[in-house]
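Down below is the structure, laid out as structure tokens.
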Amino acid sequence: MATIIPLTDARTAANPDARRAALDAFVRAAAEQPATAPGPVADTRGRRMHDLRISVTDRCNFRCTYCMPRDVFDADYRFLPHADLLTFEEITRIARIFVDRGVSKVRLTGGEPLLRRNIERLVEMLAGIGGLDLTLTTNGALLAKKAQSLADAGLTRVTVSLDSLDDATFRAMNDADFPVAKVLEGIDAAVAAGLAPVKVNMVVQRGTNESSIVPMARHFKGTGHIVRFIEYMDVGTTNGWRMNDVVPAAEIVRMIDAELPLAPADPNYTGEVAARWRYQDGEGEIGVIASVTQAFCRDCTRARLSTDGKLYTCLFASDGYDLRGLLRGGFDDRRIDNAIAAVWRQRADRYSEVRTTNTVRAPKVEMSYIGG
Ligand code: SAM
């Protein structure tokens with residue numbers, strides 16, 4: 001593409017409406033450019049597009065204190081109206097274009113993806129694209145009921161979030177009084193449905209659930225499931241994040257290693273989010289996701305589609321590119337592809353590498369909307 005279109009300048013940077021209008025103008029102008037060479041596309045730092053995360057709802061049945069604090073996401077909170085959500089047909093159409101551009105892994109997320117009605121139908125439609133690693137991240141509350149139908153629809157794997165095996169700690173963190181046992185039932189159902197090995201996500205917060213780290217590792221050791229310990233991140237603006245609340249990944253590994261000896265393992269592929277550690281006795285592995293203390297922007301190959309069809313090129317972005325406007329504005333696939341490729345080509349994000357006290361306070365989208 002020959003034309004270079006300025007995205008933001010000093011005037012738009014301080015004005016959210018102007019900033020959004022500039023991004024809209026960018027995708028519409030890019031869409032109208034002559035078609036570019038098909039196939040994988042790289043950004044300004046040479047990173048290919050490999051994963052697509054799709055948020056299918058901004059609603060959740062939990063109110064995890066670090067993600068959707070109840071005092072913000074309360075009865076008055078304005079979630080997106082249904083008409084704003086991408087339909088399953090729209091999601092599948094966009095996903096196909098991403099796949100043609102090199103995406104081979106799609107993760108459904110949210111919000112809580114199992115709250116989206118007939119989610120199995122979407123799984124079936126995406127599975128119909130073929131050749132995809134098709135996964136879903138869930139809090140597990142509805143998994144016991146839905147695991148089999150999701151597997152039947154073509155889901156490949158599932159990731160379940162569980163922040164503690166201690167019931168009081170878990171209930172306090174999910175702030176919905178939801179018990180550990182029900183999540184474990186969901187994991188068992190996923191295994192029975194053939195969705196194993198299950199990845200288990202545990203967000204670690206200093207002073208809240210550090211004492212759950214070793215019991216969590218011990219519980220899943222030898223089961224084939226992989227616990228991924230996640231550093232608490234400054235996503236969004238509502239969780240009151242402070243650096244002091246982060247337990248660095250190195251400390252998490254030290255705690256586990258002291259009781260259950262670990263050795264580093266190679267990544268499965270370039271751009272894998274979690275650093276892998278295997279148990280020295282051969283009984284499986286864990287992962288640590290150190291977005292705060294060991295930024296992995298250099299290898300970040302993830303694109304994100306928000307619930308209302310905006311393309312985000314970073315989890316910590318403040319704005320996205322409106323693809324729904326193109327879908328509903330009669331743009332054909334070639335023009336939508338042009339826009340997606342142009343957005344990716346000019347991508348320069350590396351938020352976690354340049355995080356400062358100022359960026360922490362900058363406006364950023366909420367994780368429940370953009371998808372975790
Ligand atoms: N509702 C689903 C779930 O609970 O897994 C999917 C969405 S949730 C936003 C996706 C993942 O993001 C979960 O594992 C959650 O624990 C994690 N997460 C949310 N806020 C986070 C934060 N501030 N730092 C680190 N991880 C976070």
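Each chain in the structure tokens gets a letter, A, B, ..., in the order shown, and its residues are numbered from 1; ligands are numbered from 1 in order too.
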Using only C-alpha atoms, which residues of stretch 83-187 of chain A come within 12 Å of stretch 332-336 of chain A, and what is the closest atom pair for each, with the distance in Å to one decimal? Give it as CSV, sorted by chain and residue number.
residue,atom,partner,partner_atom,distance
A:Glu90,CA,A:Asp333,CA,11.2
A:Thr92,CA,A:Asp333,CA,11.9
A:Arg93,CA,A:Asp333,CA,8.2
A:Ile94,CA,A:Ile336,CA,8.2
A:Ala95,CA,A:Asp333,CA,11.1
A:Arg96,CA,A:Asp333,CA,9.5
A:Ile97,CA,A:Asp333,CA,7.4
A:Phe98,CA,A:Ile336,CA,10.1
A:Asp100,CA,A:Asp333,CA,11.1
A:Arg101,CA,A:Ile336,CA,11.8
Point to revise | Shell of 12 Å around A:Thr359, only C-alpha atoms, local chain residues under 3 positions omitted, as a VMD selection string | key: chain A and resid 234 to 237 241 316 to 318 350 to 356 362 to 364
Revision key, fill the gap. Separating atom CA of A:Glu185 from atom 18 (N, counted along the ligand's line) of ligand 1, to the nearest tenth of an Å, is a gap of 21.1 Å
Write as an mmCIF file with C-alpha atoms, in the first residue's frame the residues around ligand 1, taking 8 Å as the cut-off and counting only C-alpha atoms and all ligand atoms.
data_model
loop_
_atom_site.group_PDB
_atom_site.id
_atom_site.type_symbol
_atom_site.label_atom_id
_atom_site.label_comp_id
_atom_site.auth_asym_id
_atom_site.auth_seq_id
_atom_site.Cartn_x
_atom_site.Cartn_y
_atom_site.Cartn_z
ATOM 1 C CA CYS A 60 -19.861 -12.172 33.136
ATOM 2 C CA PHE A 62 -18.432 -13.491 38.189
ATOM 3 C CA CYS A 64 -13.527 -11.017 39.994
ATOM 4 C CA TYR A 66 -9.116 -7.750 39.694
ATOM 5 C CA CYS A 67 -11.186 -7.776 36.479
ATOM 6 C CA MET A 68 -14.800 -6.636 36.937
ATOM 7 C CA THR A 109 -13.358 -15.366 25.393
ATOM 8 C CA GLY A 110 -15.107 -12.411 27.018
ATOM 9 C CA GLY A 111 -16.664 -11.616 29.520
ATOM 10 C CA GLU A 112 -17.810 -15.164 30.092
ATOM 11 C CA PRO A 113 -18.154 -16.811 26.662
ATOM 12 C CA LEU A 136 -12.133 -21.125 24.659
ATOM 13 C CA THR A 137 -11.362 -19.506 28.028
ATOM 14 C CA THR A 138 -14.033 -19.849 30.699
ATOM 15 C CA ASN A 139 -14.542 -19.364 34.413
ATOM 16 C CA GLY A 140 -15.927 -22.908 34.411
ATOM 17 C CA THR A 159 -8.735 -23.061 29.400
ATOM 18 C CA VAL A 160 -10.400 -22.752 32.799
ATOM 19 C CA SER A 161 -9.707 -19.909 35.217
ATOM 20 C CA LEU A 162 -9.335 -20.878 38.884
ATOM 21 C CA ASP A 163 -7.539 -18.576 41.303
ATOM 22 C CA VAL A 200 -5.888 -23.776 34.293
ATOM 23 C CA ASN A 201 -5.311 -20.024 34.637
ATOM 24 C CA MET A 202 -4.520 -18.645 38.075
ATOM 25 C CA VAL A 203 -4.047 -14.897 38.478
ATOM 26 C CA VAL A 204 -1.737 -14.260 41.429
ATOM 27 C CA ILE A 230 -0.446 -15.198 35.643
ATOM 28 C CA GLU A 231 1.063 -11.993 36.965
ATOM 29 C CA TYR A 232 -1.671 -9.551 37.920
ATOM 30 C CA MET A 233 -1.806 -6.999 35.070
ATOM 31 C CA ASP A 234 -2.813 -3.343 34.744
ATOM 32 C CA VAL A 235 -5.462 -4.006 32.109
ATOM 33 C CA GLY A 236 -8.346 -1.523 31.940
ATOM 34 C CA ASN A 239 -9.174 -2.599 39.055
ATOM 35 C CA TRP A 241 -3.818 -2.013 39.943
ATOM 36 C CA MET A 367 -10.460 -6.896 29.636
ATOM 37 C CA SER A 368 -14.077 -8.057 29.895
ATOM 38 C CA GLY A 371 -11.375 -10.456 25.817
ATOM 39 C CA GLY A 372 -8.691 -12.008 28.007
#
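Picture a line from atom CA of A:Asp175 to atom CA of A:Thr65; it runs 6.7 Å.
Distances from A:Ala258, A:Val72, A:Ala30, A:Ala21 to A:Asn338 were compared using only C-alpha atoms, and the smallest one belongs to A:Ala30.
Of the residues listed (A:Ile289, A:Met173, A:Leu134, A:Thr238), A:Thr238 shows the shortest atom-to-atom separation from A:Phe73; distances use only C-alpha atoms.
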**Study point:** All alpha helix (DSSP H) positions in stretch 196-355 of chain A, as a ChimeraX atom specification
**Key:** /A:213-220,249-259,323-328,333-345
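The coordinates place atom CA of A:Cys297 at 21.2 Å from atom CA of A:Glu251.
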Practice item. Find the residues near stretch 186-190 of chain A: any atom within 10 Å, counting only C-alpha atoms, skip ones fewer than 5 places away on the same chain, and give them as a PyMOL selection string. Key: chain A and resi 138-148+150-151+157-160+181+195-200+225
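Among the candidates A:Asp17, A:Ser55, A:Thr270, A:Ala249, the residue lying nearest to A:Arg304 is A:Ser55 (atoms considered: only C-alpha atoms).
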Review point. Mind checking DSSP for stretch 129-309 of chain A and telling me the strand (DSSP E) residues as a ChimeraX atom specification?
Key: /A:133-138,157-161,199-204,226-231,262-265,275-279,285-289,302-305
Check your understanding: Hey, which of A:Ile370, A:Val214, A:Cys314, A:Ala35 ends up closest to A:Val56? Count only C-alpha atoms.
Key -> A:Ile370
**Study point:** Near-A:Pro81 list (12 Å; only C-alpha atoms; drop same-chain fewer than 4 positions) as a ChimeraX atom specification
**Key:** /A:57-59,77,85-86,307-308
Check your understanding: From the set A:Pro215, A:Pro248, A:Pro179, A:Gly309, which residue has the shortest atom-to-atom contact distance to A:Leu323, counting only C-alpha atoms?
Key -> A:Gly309
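The smallest atom-to-atom distance between A:Glu285 and any of A:Ala217, A:Met243, A:Ala31, A:Leu327, using only C-alpha atoms, is found for A:Ala217.
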Show which residues sit within 8 Å of A:Val106, as a compact mmCIF listing (two decimals) with C-alpha atoms, in the first residue's frame. Count only C-alpha atoms, and ignore same-chain residues fewer than 5 positions away.
# COMPACT_ATOMS: atom_id res chain seq x y z
CA ASP A 51 -3.68 -15.82 17.13
CA LEU A 52 -7.10 -14.23 17.10
CA ARG A 53 -8.96 -13.73 20.38
CA ILE A 54 -12.65 -13.09 19.99
CA LEU A 132 -7.86 -24.17 13.27
CA ASP A 133 -6.76 -24.69 16.84
CA LEU A 134 -10.11 -23.58 18.30
CA THR A 135 -10.10 -22.92 22.03
Review point. What lies within 10 Å of A:Ala348 using only C-alpha atoms, ignoring chain neighbours under 3 positions off, as an MDAnalysis selection string?
Key: chainID A and resid 43:47 297 313:314 344:345 351
**Study point:** Non-local contacts of A:Arg276 (10 Å; only C-alpha atoms; under 6 positions in same chain excluded) as a PyMOL selection string
**Key:** chain A and resi 226+228+262-268+285-289
